[in-house]
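K.L.:
Contents of target-v5.cif (mmCIF, C-alpha atoms) are below:
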```cif
data_final
#
loop_
_atom_site.label_atom_id
_atom_site.label_comp_id
_atom_site.auth_asym_id
_atom_site.auth_seq_id
_atom_site.Cartn_x
_atom_site.Cartn_y
_atom_site.Cartn_z
CA MET A 1 127.61 -197.11 -4.42
CA ILE A 2 126.44 -199.80 -6.83
CA SER A 3 129.06 -200.76 -9.42
CA ALA A 4 128.49 -201.08 -13.18
CA ALA A 5 128.89 -204.85 -12.84
CA ALA A 6 126.15 -205.00 -10.19
CA ILE A 7 123.81 -202.93 -12.35
CA THR A 8 124.47 -205.20 -15.36
CA LEU A 9 123.90 -208.31 -13.25
CA MET A 10 120.61 -206.99 -11.85
CA ALA A 11 119.44 -205.75 -15.25
CA ALA A 12 120.05 -209.15 -16.90
CA VAL A 13 118.24 -211.03 -14.14
CA PHE A 14 115.39 -208.48 -14.05
CA VAL A 15 114.75 -208.76 -17.80
CA ALA A 16 115.04 -212.58 -17.77
CA SER A 17 112.57 -212.71 -14.88
CA ILE A 18 110.06 -210.53 -16.78
CA VAL A 19 110.30 -212.73 -19.89
CA GLU A 20 109.80 -215.97 -17.96
CA THR A 21 107.03 -214.57 -15.76
CA VAL A 22 105.10 -213.37 -18.83
CA GLU A 23 105.22 -216.93 -20.23
CA ALA A 24 104.16 -218.44 -16.91
CA LEU A 25 101.38 -215.87 -16.55
CA THR A 26 99.92 -216.87 -19.94
CA ILE A 27 99.58 -220.47 -18.77
CA VAL A 28 98.10 -219.55 -15.36
CA LEU A 29 95.64 -217.12 -16.99
CA ALA A 30 94.52 -219.77 -19.49
CA MET A 31 93.89 -222.26 -16.67
CA GLY A 32 92.23 -219.69 -14.43
CA LEU A 33 89.89 -218.26 -17.05
CA THR A 34 88.98 -221.65 -18.52
CA ARG A 35 88.97 -224.10 -15.62
CA SER A 36 89.40 -222.85 -12.07
CA TRP A 37 91.09 -219.78 -10.61
CA LYS A 38 91.52 -221.46 -7.25
CA SER A 39 93.31 -224.46 -8.79
CA ALA A 40 95.44 -222.32 -11.10
CA LEU A 41 96.56 -220.00 -8.29
CA VAL A 42 97.21 -222.89 -5.88
CA GLY A 43 99.27 -224.55 -8.61
CA ALA A 44 101.26 -221.36 -9.24
CA GLY A 45 101.73 -220.76 -5.52
CA SER A 46 102.87 -224.35 -4.95
CA ALA A 47 105.40 -223.99 -7.77
CA LEU A 48 106.75 -220.79 -6.22
CA CYS A 49 107.11 -222.57 -2.86
CA ALA A 50 108.90 -225.47 -4.58
CA LEU A 51 111.23 -223.00 -6.30
CA ALA A 52 111.93 -221.23 -3.02
CA LEU A 53 112.72 -224.60 -1.41
CA VAL A 54 115.05 -225.62 -4.24
CA THR A 55 116.83 -222.25 -4.10
CA THR A 56 117.19 -222.43 -0.31
CA VAL A 57 118.66 -225.95 -0.45
CA ILE A 58 121.15 -224.90 -3.14
CA MET A 59 122.15 -221.79 -1.16
CA LEU A 60 122.64 -223.82 2.03
CA LEU A 61 124.81 -226.32 0.16
CA LEU A 62 126.83 -223.52 -1.41
CA ASP A 63 127.24 -221.81 1.95
CA GLN A 64 128.46 -225.09 3.42
CA PHE A 65 131.06 -225.61 0.71
CA MET A 66 131.87 -221.99 -0.18
CA ASP A 67 135.36 -222.11 1.33
CA GLN A 68 136.27 -225.24 -0.63
CA ILE A 69 134.69 -223.81 -3.78
CA GLN A 70 136.68 -220.62 -3.51
CA THR A 71 139.98 -222.51 -3.32
CA VAL A 72 139.29 -223.87 -6.80
CA GLU A 73 137.93 -220.63 -8.17
CA SER A 74 138.89 -221.47 -11.74
CA LEU A 75 136.82 -224.69 -11.67
CA LEU A 76 133.76 -222.76 -10.50
CA GLN A 77 134.33 -220.16 -13.23
CA LEU A 78 134.68 -222.95 -15.80
CA VAL A 79 131.47 -224.75 -14.79
CA ILE A 80 129.44 -221.54 -14.62
CA GLY A 81 131.06 -220.20 -17.79
CA VAL A 82 130.26 -223.33 -19.79
CA LEU A 83 126.66 -223.50 -18.54
CA LEU A 84 126.02 -219.79 -19.15
CA THR A 85 127.64 -219.95 -22.58
CA ILE A 86 125.44 -222.84 -23.72
CA PHE A 87 122.33 -221.35 -22.12
CA GLY A 88 123.02 -217.85 -23.43
CA MET A 89 123.81 -219.05 -26.94
CA GLN A 90 120.53 -221.01 -27.00
CA TRP A 91 118.57 -217.86 -26.11
CA LEU A 92 120.55 -215.79 -28.61
CA ARG A 93 120.09 -218.38 -31.36
CA LYS A 94 116.31 -218.51 -30.88
CA ALA A 95 116.05 -214.71 -30.82
CA ILE A 96 118.08 -214.47 -34.06
CA LEU A 97 115.91 -217.15 -35.71
CA ARG A 98 112.78 -215.19 -34.76
CA TYR A 99 114.20 -211.93 -36.10
CA THR A 100 115.10 -213.59 -39.42
CA GLY A 101 111.66 -215.20 -39.69
CA LEU A 102 113.05 -218.73 -39.47
CA LYS A 103 111.11 -219.30 -36.27
CA ALA A 104 107.70 -217.96 -35.36
CA ILE A 105 107.63 -215.03 -32.97
CA HIS A 106 106.57 -216.11 -29.50
CA ASP A 107 102.92 -215.15 -29.62
CA GLU A 108 101.44 -215.05 -26.12
CA GLU A 109 97.89 -214.79 -27.45
CA LEU A 110 98.37 -217.85 -29.64
CA ILE A 111 99.85 -219.81 -26.75
CA PHE A 112 97.00 -218.62 -24.51
CA GLU A 113 94.44 -219.86 -27.05
CA ARG A 114 96.25 -223.20 -27.41
CA GLU A 115 96.34 -223.69 -23.64
CA ARG A 116 92.71 -222.64 -23.41
CA GLN A 117 91.68 -225.23 -26.03
CA ALA A 118 93.68 -227.92 -24.24
CA ALA A 119 92.00 -226.95 -20.96
CA LEU A 120 88.53 -227.06 -22.53
CA SER A 121 89.08 -230.52 -23.99
CA ALA A 122 90.74 -232.07 -20.90
CA SER A 123 88.59 -234.23 -18.66
CA ARG A 124 87.35 -232.92 -15.31
CA GLU A 125 89.21 -234.64 -12.49
CA GLU A 126 89.10 -233.38 -8.95
CA ARG A 127 91.68 -234.13 -6.27
CA MET A 128 91.93 -232.49 -2.85
CA GLY A 129 89.18 -230.09 -3.89
CA LEU A 130 91.21 -228.86 -6.88
CA ASP A 131 90.71 -229.10 -10.63
CA TRP A 132 93.69 -231.39 -11.10
CA PHE A 133 94.42 -230.47 -14.73
CA ALA A 134 94.48 -226.74 -13.96
CA PHE A 135 96.64 -227.33 -10.87
CA VAL A 136 99.22 -229.52 -12.65
CA VAL A 137 99.50 -227.35 -15.77
CA SER A 138 99.88 -224.16 -13.70
CA PHE A 139 102.39 -225.83 -11.39
CA LYS A 140 104.49 -227.15 -14.26
CA GLY A 141 104.34 -223.89 -16.19
CA VAL A 142 105.42 -221.71 -13.25
CA PHE A 143 108.02 -224.21 -12.02
CA LEU A 144 109.70 -224.72 -15.40
CA GLU A 145 109.84 -221.01 -16.20
CA GLY A 146 110.97 -220.27 -12.66
CA VAL A 147 113.81 -222.81 -12.80
CA GLU A 148 115.39 -220.81 -15.64
CA VAL A 149 115.31 -217.65 -13.52
CA VAL A 150 116.72 -219.48 -10.48
CA PHE A 151 119.49 -220.89 -12.68
CA ILE A 152 120.41 -217.40 -13.93
CA VAL A 153 120.24 -215.89 -10.42
CA ILE A 154 122.52 -218.53 -8.91
CA THR A 155 125.07 -218.79 -11.75
CA PHE A 156 125.37 -215.04 -12.22
CA GLY A 157 125.36 -214.37 -8.51
CA LEU A 158 127.92 -217.06 -7.73
CA ALA A 159 130.31 -215.96 -10.46
CA ALA A 160 130.00 -212.31 -9.39
CA MET A 161 130.64 -213.28 -5.76
CA THR A 162 133.86 -215.08 -6.63
CA ASP A 163 135.14 -212.61 -9.22
CA ARG A 164 138.77 -211.83 -8.52
CA VAL A 165 138.70 -208.22 -9.68
CA ALA A 166 135.50 -206.94 -8.08
CA PRO A 167 133.85 -209.62 -5.92
CA MET A 168 130.27 -208.80 -4.87
CA GLU A 169 129.44 -210.41 -1.55
CA ASN A 170 125.73 -209.83 -1.86
CA ALA A 171 125.53 -210.69 -5.58
CA ILE A 172 123.07 -213.58 -5.19
CA PHE A 173 120.85 -211.47 -2.92
CA LEU A 174 120.85 -208.59 -5.45
CA ALA A 175 120.12 -210.98 -8.31
CA ALA A 176 117.28 -212.64 -6.36
CA MET A 177 115.78 -209.22 -5.54
CA ALA A 178 115.95 -208.16 -9.18
CA ALA A 179 114.22 -211.40 -10.23
CA LEU A 180 111.52 -210.98 -7.59
CA ILE A 181 110.84 -207.37 -8.57
CA GLY A 182 110.50 -208.39 -12.23
CA ALA A 183 108.11 -211.23 -11.38
CA VAL A 184 105.97 -209.10 -9.05
CA LEU A 185 105.77 -206.31 -11.64
CA VAL A 186 104.51 -208.71 -14.31
CA GLY A 187 102.14 -210.32 -11.82
CA ILE A 188 100.58 -206.96 -10.96
CA VAL A 189 100.25 -205.88 -14.60
CA GLY A 190 98.88 -209.30 -15.57
CA ALA A 191 96.33 -209.27 -12.73
CA ALA A 192 95.19 -205.79 -13.76
CA ALA A 193 95.03 -206.61 -17.49
CA HIS A 194 93.42 -210.04 -16.95
CA LYS A 195 94.81 -211.22 -20.30
CA PRO A 196 98.13 -212.38 -21.80
CA LEU A 197 100.75 -209.64 -22.00
CA SER A 198 101.21 -209.89 -25.75
CA ARG A 199 102.55 -206.35 -26.14
CA VAL A 200 105.71 -207.07 -24.13
CA PRO A 201 108.64 -207.03 -26.63
CA GLU A 202 109.59 -210.58 -25.67
CA ASN A 203 112.00 -211.33 -28.48
CA THR A 204 113.95 -208.11 -27.93
CA MET A 205 114.21 -208.90 -24.23
CA LYS A 206 115.29 -212.49 -24.93
CA PHE A 207 117.87 -211.17 -27.39
CA ALA A 208 119.24 -208.79 -24.73
CA VAL A 209 119.36 -211.51 -22.07
CA GLY A 210 120.98 -213.93 -24.54
CA LEU A 211 123.66 -211.32 -25.30
CA LEU A 212 124.39 -210.76 -21.60
CA LEU A 213 124.42 -214.45 -20.69
CA SER A 214 126.69 -215.26 -23.64
CA THR A 215 129.00 -212.37 -22.76
CA PHE A 216 129.49 -213.36 -19.15
CA GLY A 217 129.51 -217.04 -20.12
CA VAL A 218 132.42 -216.62 -22.56
CA TYR A 219 134.27 -214.37 -20.11
CA TRP A 220 134.14 -216.94 -17.29
CA PHE A 221 134.61 -219.89 -19.67
CA VAL A 222 137.98 -218.51 -20.74
CA GLU A 223 138.98 -217.59 -17.18
CA GLY A 224 138.01 -221.08 -16.04
CA LEU A 225 140.26 -222.77 -18.62
CA GLY A 226 143.15 -221.91 -16.34
CA PHE A 227 141.91 -224.80 -14.18
CA PHE A 228 143.61 -227.24 -16.59
CA HIS A 229 146.97 -225.56 -16.15
CA PRO A 230 149.14 -227.21 -13.44
CA GLU A 231 148.85 -223.98 -11.41
CA SER A 232 145.01 -224.13 -11.64
CA GLN A 233 144.82 -220.34 -11.70
CA SER A 234 142.22 -218.36 -13.59
CA LEU A 235 143.28 -217.39 -17.09
CA ASN A 236 143.24 -213.62 -17.51
CA TRP A 237 141.79 -211.77 -20.47
CA PRO A 238 144.30 -209.43 -22.18
CA THR A 239 142.22 -206.35 -21.25
CA GLY A 240 140.99 -207.54 -17.86
CA THR A 241 137.35 -206.70 -17.11
CA TRP A 242 137.32 -204.32 -20.09
CA ALA A 243 136.93 -207.52 -22.11
CA LEU A 244 133.27 -207.69 -21.00
CA PRO A 245 131.94 -204.73 -23.04
CA LEU A 246 134.16 -205.80 -25.95
CA ILE A 247 132.74 -209.36 -25.91
CA PHE A 248 129.21 -207.92 -25.62
CA PHE A 249 129.64 -205.70 -28.69
CA ALA A 250 131.27 -208.55 -30.60
CA TRP A 251 128.23 -210.79 -29.92
CA LEU A 252 125.93 -207.90 -30.86
CA PHE A 253 127.80 -207.24 -34.10
CA VAL A 254 127.84 -210.93 -35.09
CA SER A 255 124.12 -211.34 -34.24
CA ILE A 256 122.97 -208.24 -36.11
CA THR A 257 125.11 -209.08 -39.13
CA THR A 258 123.64 -212.60 -39.24
CA ILE A 259 120.10 -211.22 -39.00
CA GLU A 260 120.72 -208.61 -41.73
CA ILE A 261 122.16 -211.23 -44.10
CA LEU A 262 119.65 -214.03 -43.50
CA LYS A 263 116.44 -212.01 -43.14
CA PRO A 264 116.18 -210.95 -46.82
CA MET A 265 117.32 -214.41 -47.95
CA ALA A 266 114.63 -216.04 -45.81
CA ARG A 267 112.02 -213.58 -47.12
CA ARG A 268 113.01 -214.31 -50.76
CA ASN A 269 112.89 -218.06 -50.19
CA SER A 270 109.56 -217.76 -48.43
CA THR A 271 108.10 -215.75 -51.35
CA ALA A 272 109.54 -218.22 -53.90
CA ASN A 273 107.95 -221.12 -52.02
CA THR A 274 104.59 -219.32 -51.97
CA PHE A 275 104.65 -218.77 -55.76
CA SER A 276 105.86 -222.29 -56.53
CA SER A 277 103.09 -223.87 -54.43
CA ARG A 278 100.31 -222.03 -56.33
CA PRO A 279 98.54 -224.14 -59.00
CA MET B 280 114.48 -245.75 -12.71
CA LYS B 281 111.79 -243.64 -14.38
CA LEU B 282 112.43 -240.87 -11.85
CA ILE B 283 116.18 -240.88 -12.53
CA LYS B 284 115.62 -240.87 -16.29
CA GLY B 285 113.14 -238.04 -15.91
CA PHE B 286 115.63 -236.05 -13.80
CA PHE B 287 118.38 -236.35 -16.41
CA ARG B 288 115.90 -235.71 -19.23
CA PHE B 289 114.83 -232.49 -17.50
CA TRP B 290 118.42 -231.22 -17.19
CA TYR B 291 119.25 -232.25 -20.77
CA ASP B 292 116.22 -230.34 -22.09
CA PHE B 293 117.05 -227.41 -19.82
CA ILE B 294 120.72 -227.02 -20.75
CA VAL B 295 120.94 -228.47 -24.27
CA GLY B 296 117.38 -227.72 -25.38
CA ASP B 297 116.47 -228.37 -28.99
CA CYS B 298 119.89 -227.51 -30.41
CA TRP B 299 122.47 -230.12 -29.49
CA GLU B 300 125.01 -228.54 -31.89
CA ILE B 301 125.65 -225.61 -29.56
CA ALA B 302 126.29 -227.84 -26.53
CA ALA B 303 128.44 -230.21 -28.61
CA GLY B 304 130.41 -227.32 -30.11
CA VAL B 305 131.07 -225.74 -26.71
CA ALA B 306 132.13 -229.14 -25.35
CA MET B 307 134.54 -229.57 -28.29
CA VAL B 308 136.10 -226.14 -27.75
CA LEU B 309 136.39 -226.88 -24.04
CA GLY B 310 137.92 -230.31 -24.63
CA THR B 311 140.42 -229.05 -27.20
CA PHE B 312 141.71 -226.15 -25.13
CA ALA B 313 141.66 -228.17 -21.91
CA PHE B 314 143.95 -230.66 -23.64
CA LEU B 315 146.22 -227.99 -25.13
CA ILE B 316 146.56 -226.09 -21.85
CA GLY B 317 146.79 -229.16 -19.63
CA THR B 318 149.55 -230.78 -21.68
CA LYS B 319 151.26 -227.40 -22.17
CA LEU B 320 151.18 -227.95 -25.93
CA TRP B 321 149.95 -224.40 -26.02
CA PRO B 322 151.79 -222.85 -23.10
CA LEU B 323 150.34 -219.97 -21.14
CA LEU B 324 152.38 -216.99 -20.05
CA GLU B 325 152.96 -216.62 -16.35
CA THR B 326 153.48 -213.33 -14.57
CA THR B 327 154.54 -213.59 -10.97
CA ALA B 328 154.57 -210.89 -8.34
CA THR B 329 157.16 -211.32 -5.62
CA ILE B 330 157.85 -209.61 -2.32
CA ASP B 331 161.31 -210.10 -0.87
CA GLY B 332 161.92 -212.95 -3.28
CA GLU B 333 158.78 -214.79 -2.25
CA VAL B 334 156.10 -215.40 -4.90
CA VAL B 335 152.92 -213.64 -3.84
CA THR B 336 150.68 -214.12 -6.85
CA THR B 337 150.89 -215.79 -10.21
CA LYS B 338 148.81 -214.65 -13.14
CA LEU B 339 148.17 -216.77 -16.18
CA HIS B 340 147.48 -215.07 -19.49
CA HIS B 341 147.80 -215.45 -23.22
CA PRO B 342 147.39 -212.83 -25.95
CA SER B 343 145.31 -214.92 -28.36
CA ILE B 344 143.60 -217.88 -26.63
CA PRO B 345 140.65 -215.77 -25.34
CA LEU B 346 140.14 -214.17 -28.73
CA ILE B 347 140.30 -217.51 -30.56
CA ILE B 348 137.80 -219.12 -28.19
CA ALA B 349 135.39 -216.16 -28.42
CA GLY B 350 135.74 -216.25 -32.21
CA LEU B 351 135.07 -220.00 -32.39
CA LEU B 352 131.96 -219.72 -30.23
CA MET B 353 130.60 -216.88 -32.36
CA LEU B 354 131.24 -218.92 -35.50
CA LEU B 355 129.41 -221.81 -33.84
CA LEU B 356 126.35 -219.60 -33.29
CA VAL B 357 126.36 -218.31 -36.87
CA GLY B 358 126.86 -221.86 -38.20
CA SER B 359 123.95 -223.15 -36.13
CA VAL B 360 121.62 -220.39 -37.39
CA TYR B 361 122.71 -220.93 -41.00
CA ARG B 362 122.15 -224.68 -40.62
CA GLU B 363 118.59 -223.94 -39.53
CA PHE B 364 118.15 -221.73 -42.60
CA ARG B 365 119.39 -224.53 -44.90
CA ARG B 366 117.19 -227.06 -43.10
CA LYS B 367 114.11 -224.95 -43.75
CA TYR B 368 114.73 -223.90 -47.35
CA ASP B 369 116.95 -226.67 -48.66
CA PRO B 370 115.86 -229.85 -46.86
CA GLU B 371 117.68 -232.13 -49.32
#
```
Represent the structure from my file as structure tokens, please.

P.N.:
Amino acid sequence: MISAAAITLMAAVFVASIVETVEALTIVLAMGLTRSWKSALVGAGSALCALALVTTVIMLLLDQFMDQIQTVESLLQLVIGVLLTIFGMQWLRKAILRYTGLKAIHDEELIFERERQAALSASREERMGLDWFAFVVSFKGVFLEGVEVVFIVITFGLAAMTDRVAPMENAIFLAAMAALIGAVLVGIVGAAAHKPLSRVPENTMKFAVGLLLSTFGVYWFVEGLGFFHPESQSLNWPTGTWALPLIFFAWLFVSITTIEILKPMARRNSTANTFSSRP
Amino acid sequence: MKLIKGFFRFWYDFIVGDCWEIAAGVAMVLGTFAFLIGTKLWPLLETTATIDGEVVTTKLHHPSIPLIIAGLLMLLLVGSVYREFRRKYDPE
């Protein structure tokens, strides 16, 4: 039977994978439709191979040192907690800024058009039978978006594997599967639609992922602080794992309150600026 | 040298991104509580489980440290968003 923690882990990774794959797809589509499908797909495929290689190397290293890592559990929790907290808060911050109108909503069609214009104006250079510009842009786009997913898969999976209360031995495998399913799903829909997936509620999904990353990040951050104690034991939350839903709802409450307060203020300021700039 | 710089630049952009305040704030919270816990200026409570007089497990806990840290990080997020608001509508 799959636990609630496993479902949460897989859901977070699945949604993050969809968001990142949509962004990567926009870039590959722009290159494919404007320059060369062969070069764009080879670039994307090469990036996926590079990501698989990076992930495999990391997993082999972790496997090699897992016993040593697990003896200093609190240090692992601290490192993962700090990274996830910073990463999650960045996602959450951007999602809040978009909801309040302080940052433009991520518009896939606009990005597609921008990439398309850049592709049209770039010079034609061929290397190894490939349109080099299309290859490099596709490779970079897929690799950079993919690195974020790999990061989430490994940090979430590792922390879930070493959790004291309910360790999940196959956490990284589950997380990787969830990421792969998300990516394949978007790939299929994108291939069928043959255009940027602008109707995907990206900001809502980024907000949800930001909430989950920040929740688990804070949880492990606090647990990991026990590393600095002479005993180097994990620091326990007062309510144990029940702290997780409480932290989640606290982040949700704080985020929604911030949005509700700043959104009308931003709208008023925006309107005032419009009127003051008129002759 | 360029490769090394590029490697660190990549990880800086990846983790810190365009908002260094969040990373700096988290680092400050981490540093402060690491110091307080490490020097026992803010002592943690220890609960030990024993079997036949032998300590089996020790649990560290504190009623308020987790709540204070979570609260500080949430304030950091709100502060960062508000700073962005001020930057946009009150640049002076």

K.L.:
Using only C-alpha atoms, which residues sit within 8 Å of Met89 in chain A once same-chain residues fewer than 2 positions away are excluded, as a list of chain:residue names?

P.N.:
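Everything that qualifies: A:Thr85, A:Ile86, A:Phe87, A:Trp91, A:Leu92, A:Arg93, A:Gly210, A:Leu211, A:Leu213, A:Ser214, B:Ile301, B:Leu356.
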
K.L.:
Expand the PyMOL selection byres ((chain B) within 9 of (chain A)) into the individual residues it matches in the shown file, reporting them as a VMD selection string.

P.N.:
chain B and resid 293 to 298 301 to 302 305 to 306 309 312 to 319 322 to 323 337 to 346 348 to 349 352 to 354 356 to 357 359 to 361 363 to 364 367 to 368

K.L.:
When distances are computed from all atoms listed in the file, which of A:Ala119, A:Ile154, A:Phe249, A:Val149 shows the smallest separation from Val136 in chain A?

P.N.:
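Closest candidate: A:Ala119.
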
K.L.:
Mind giving me the straight-line distance from CA of Gln64 in chain A to CA of Leu282 in chain B in Å, one decimal?

P.N.:
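So the answer is 27.2 Å.
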
K.L.:
Of the candidates A:Val200, A:Ile18, A:Leu41, A:Ala6, which shows the shortest atom-to-atom distance to Ile181 in chain A, using all atoms listed in the file?

P.N.:
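Nearest to Ile181 in chain A: A:Ile18.
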
K.L.:
Please, what distance in Å, to one decimal, runs between CA of Ser138 in chain A and CA of Val153 in chain A?

P.N.:
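The value is 22.2 Å.
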
K.L.:
Extract, using only C-alpha atoms, all DNA, RNA and protein residues at most 9 Å from Thr21 in chain A, discarding same-chain residues fewer than 5 positions from it, and format them as a list in words.

P.N.:
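What passes the distance filter is Ala16, Thr26, Val142, Glu145, Gly146, Gly182, Ala183, Val184, Val186 and Gly187 of chain A.
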
K.L.:
Evaluate the PyMOL selection byres ((chain A and resi 8) around 12) and record the selected residues as a VMD selection string, following the chain and residue labels used in the document.

P.N.:
chain A and resid 2 to 7 9 to 15 156 to 157 160 171 174 to 175 178 208 to 209 211 to 213 215 to 216 244 to 245 248

K.L.:
What separation in Å, quoted to one decimal, exists between CA of Arg114 in chain A and CA of Phe207 in chain A?

P.N.:
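Distance between the two atoms: 24.7 Å.
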
K.L.:
Box for range 99-109 of chain A: with edges along x, y and z, all listed atoms inside and 4 Å added on each side, what are the centre and edge lengths in Å to one decimal, as AutoDock Vina command-line options?

P.N.:
```
--center_x 106.5 --center_y -215.6 --center_z -32.9 --size_x 25.2 --size_y 15.4 --size_z 21.6
```

K.L.:
Where atoms are missing, can you supply N, CA and C atoms for range 353-364 of chain B and output the lot as a PDB file, keeping the file's coordinate frame?

P.N.:
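Okay, part_39.pdb is ready:
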```pdb
ATOM      1  N   MET B 353     131.459-217.719 -31.516  1.00  0.00           N
ATOM      2  CA  MET B 353     130.600-216.880 -32.360  1.00  0.00           C
ATOM      3  C   MET B 353     130.359-217.546 -33.705  1.00  0.00           C
ATOM      4  N   LEU B 354     131.395-218.182 -34.235  1.00  0.00           N
ATOM      5  CA  LEU B 354     131.240-218.920 -35.500  1.00  0.00           C
ATOM      6  C   LEU B 354     130.255-220.070 -35.305  1.00  0.00           C
ATOM      7  N   LEU B 355     130.316-220.705 -34.154  1.00  0.00           N
ATOM      8  CA  LEU B 355     129.410-221.810 -33.840  1.00  0.00           C
ATOM      9  C   LEU B 355     127.957-221.334 -33.875  1.00  0.00           C
ATOM     10  N   LEU B 356     127.707-220.155 -33.294  1.00  0.00           N
ATOM     11  CA  LEU B 356     126.350-219.600 -33.290  1.00  0.00           C
ATOM     12  C   LEU B 356     125.880-219.320 -34.711  1.00  0.00           C
ATOM     13  N   VAL B 357     126.731-218.661 -35.490  1.00  0.00           N
ATOM     14  CA  VAL B 357     126.360-218.310 -36.870  1.00  0.00           C
ATOM     15  C   VAL B 357     126.117-219.595 -37.671  1.00  0.00           C
ATOM     16  N   GLY B 358     126.994-220.587 -37.495  1.00  0.00           N
ATOM     17  CA  GLY B 358     126.860-221.860 -38.200  1.00  0.00           C
ATOM     18  C   GLY B 358     125.542-222.552 -37.855  1.00  0.00           C
ATOM     19  N   SER B 359     125.185-222.512 -36.585  1.00  0.00           N
ATOM     20  CA  SER B 359     123.950-223.150 -36.130  1.00  0.00           C
ATOM     21  C   SER B 359     122.716-222.471 -36.753  1.00  0.00           C
ATOM     22  N   VAL B 360     122.746-221.135 -36.801  1.00  0.00           N
ATOM     23  CA  VAL B 360     121.620-220.390 -37.390  1.00  0.00           C
ATOM     24  C   VAL B 360     121.546-220.669 -38.896  1.00  0.00           C
ATOM     25  N   TYR B 361     122.687-220.684 -39.554  1.00  0.00           N
ATOM     26  CA  TYR B 361     122.710-220.930 -41.000  1.00  0.00           C
ATOM     27  C   TYR B 361     122.227-222.345 -41.316  1.00  0.00           C
ATOM     28  N   ARG B 362     122.593-223.281 -40.443  1.00  0.00           N
ATOM     29  CA  ARG B 362     122.150-224.680 -40.620  1.00  0.00           C
ATOM     30  C   ARG B 362     120.623-224.762 -40.560  1.00  0.00           C
ATOM     31  N   GLU B 363     120.049-223.994 -39.666  1.00  0.00           N
ATOM     32  CA  GLU B 363     118.590-223.940 -39.530  1.00  0.00           C
ATOM     33  C   GLU B 363     117.960-223.364 -40.793  1.00  0.00           C
ATOM     34  N   PHE B 364     118.611-222.346 -41.354  1.00  0.00           N
ATOM     35  CA  PHE B 364     118.150-221.730 -42.600  1.00  0.00           C
ATOM     36  C   PHE B 364     118.165-222.764 -43.720  1.00  0.00           C
TER      37      PHE B 364
END
```
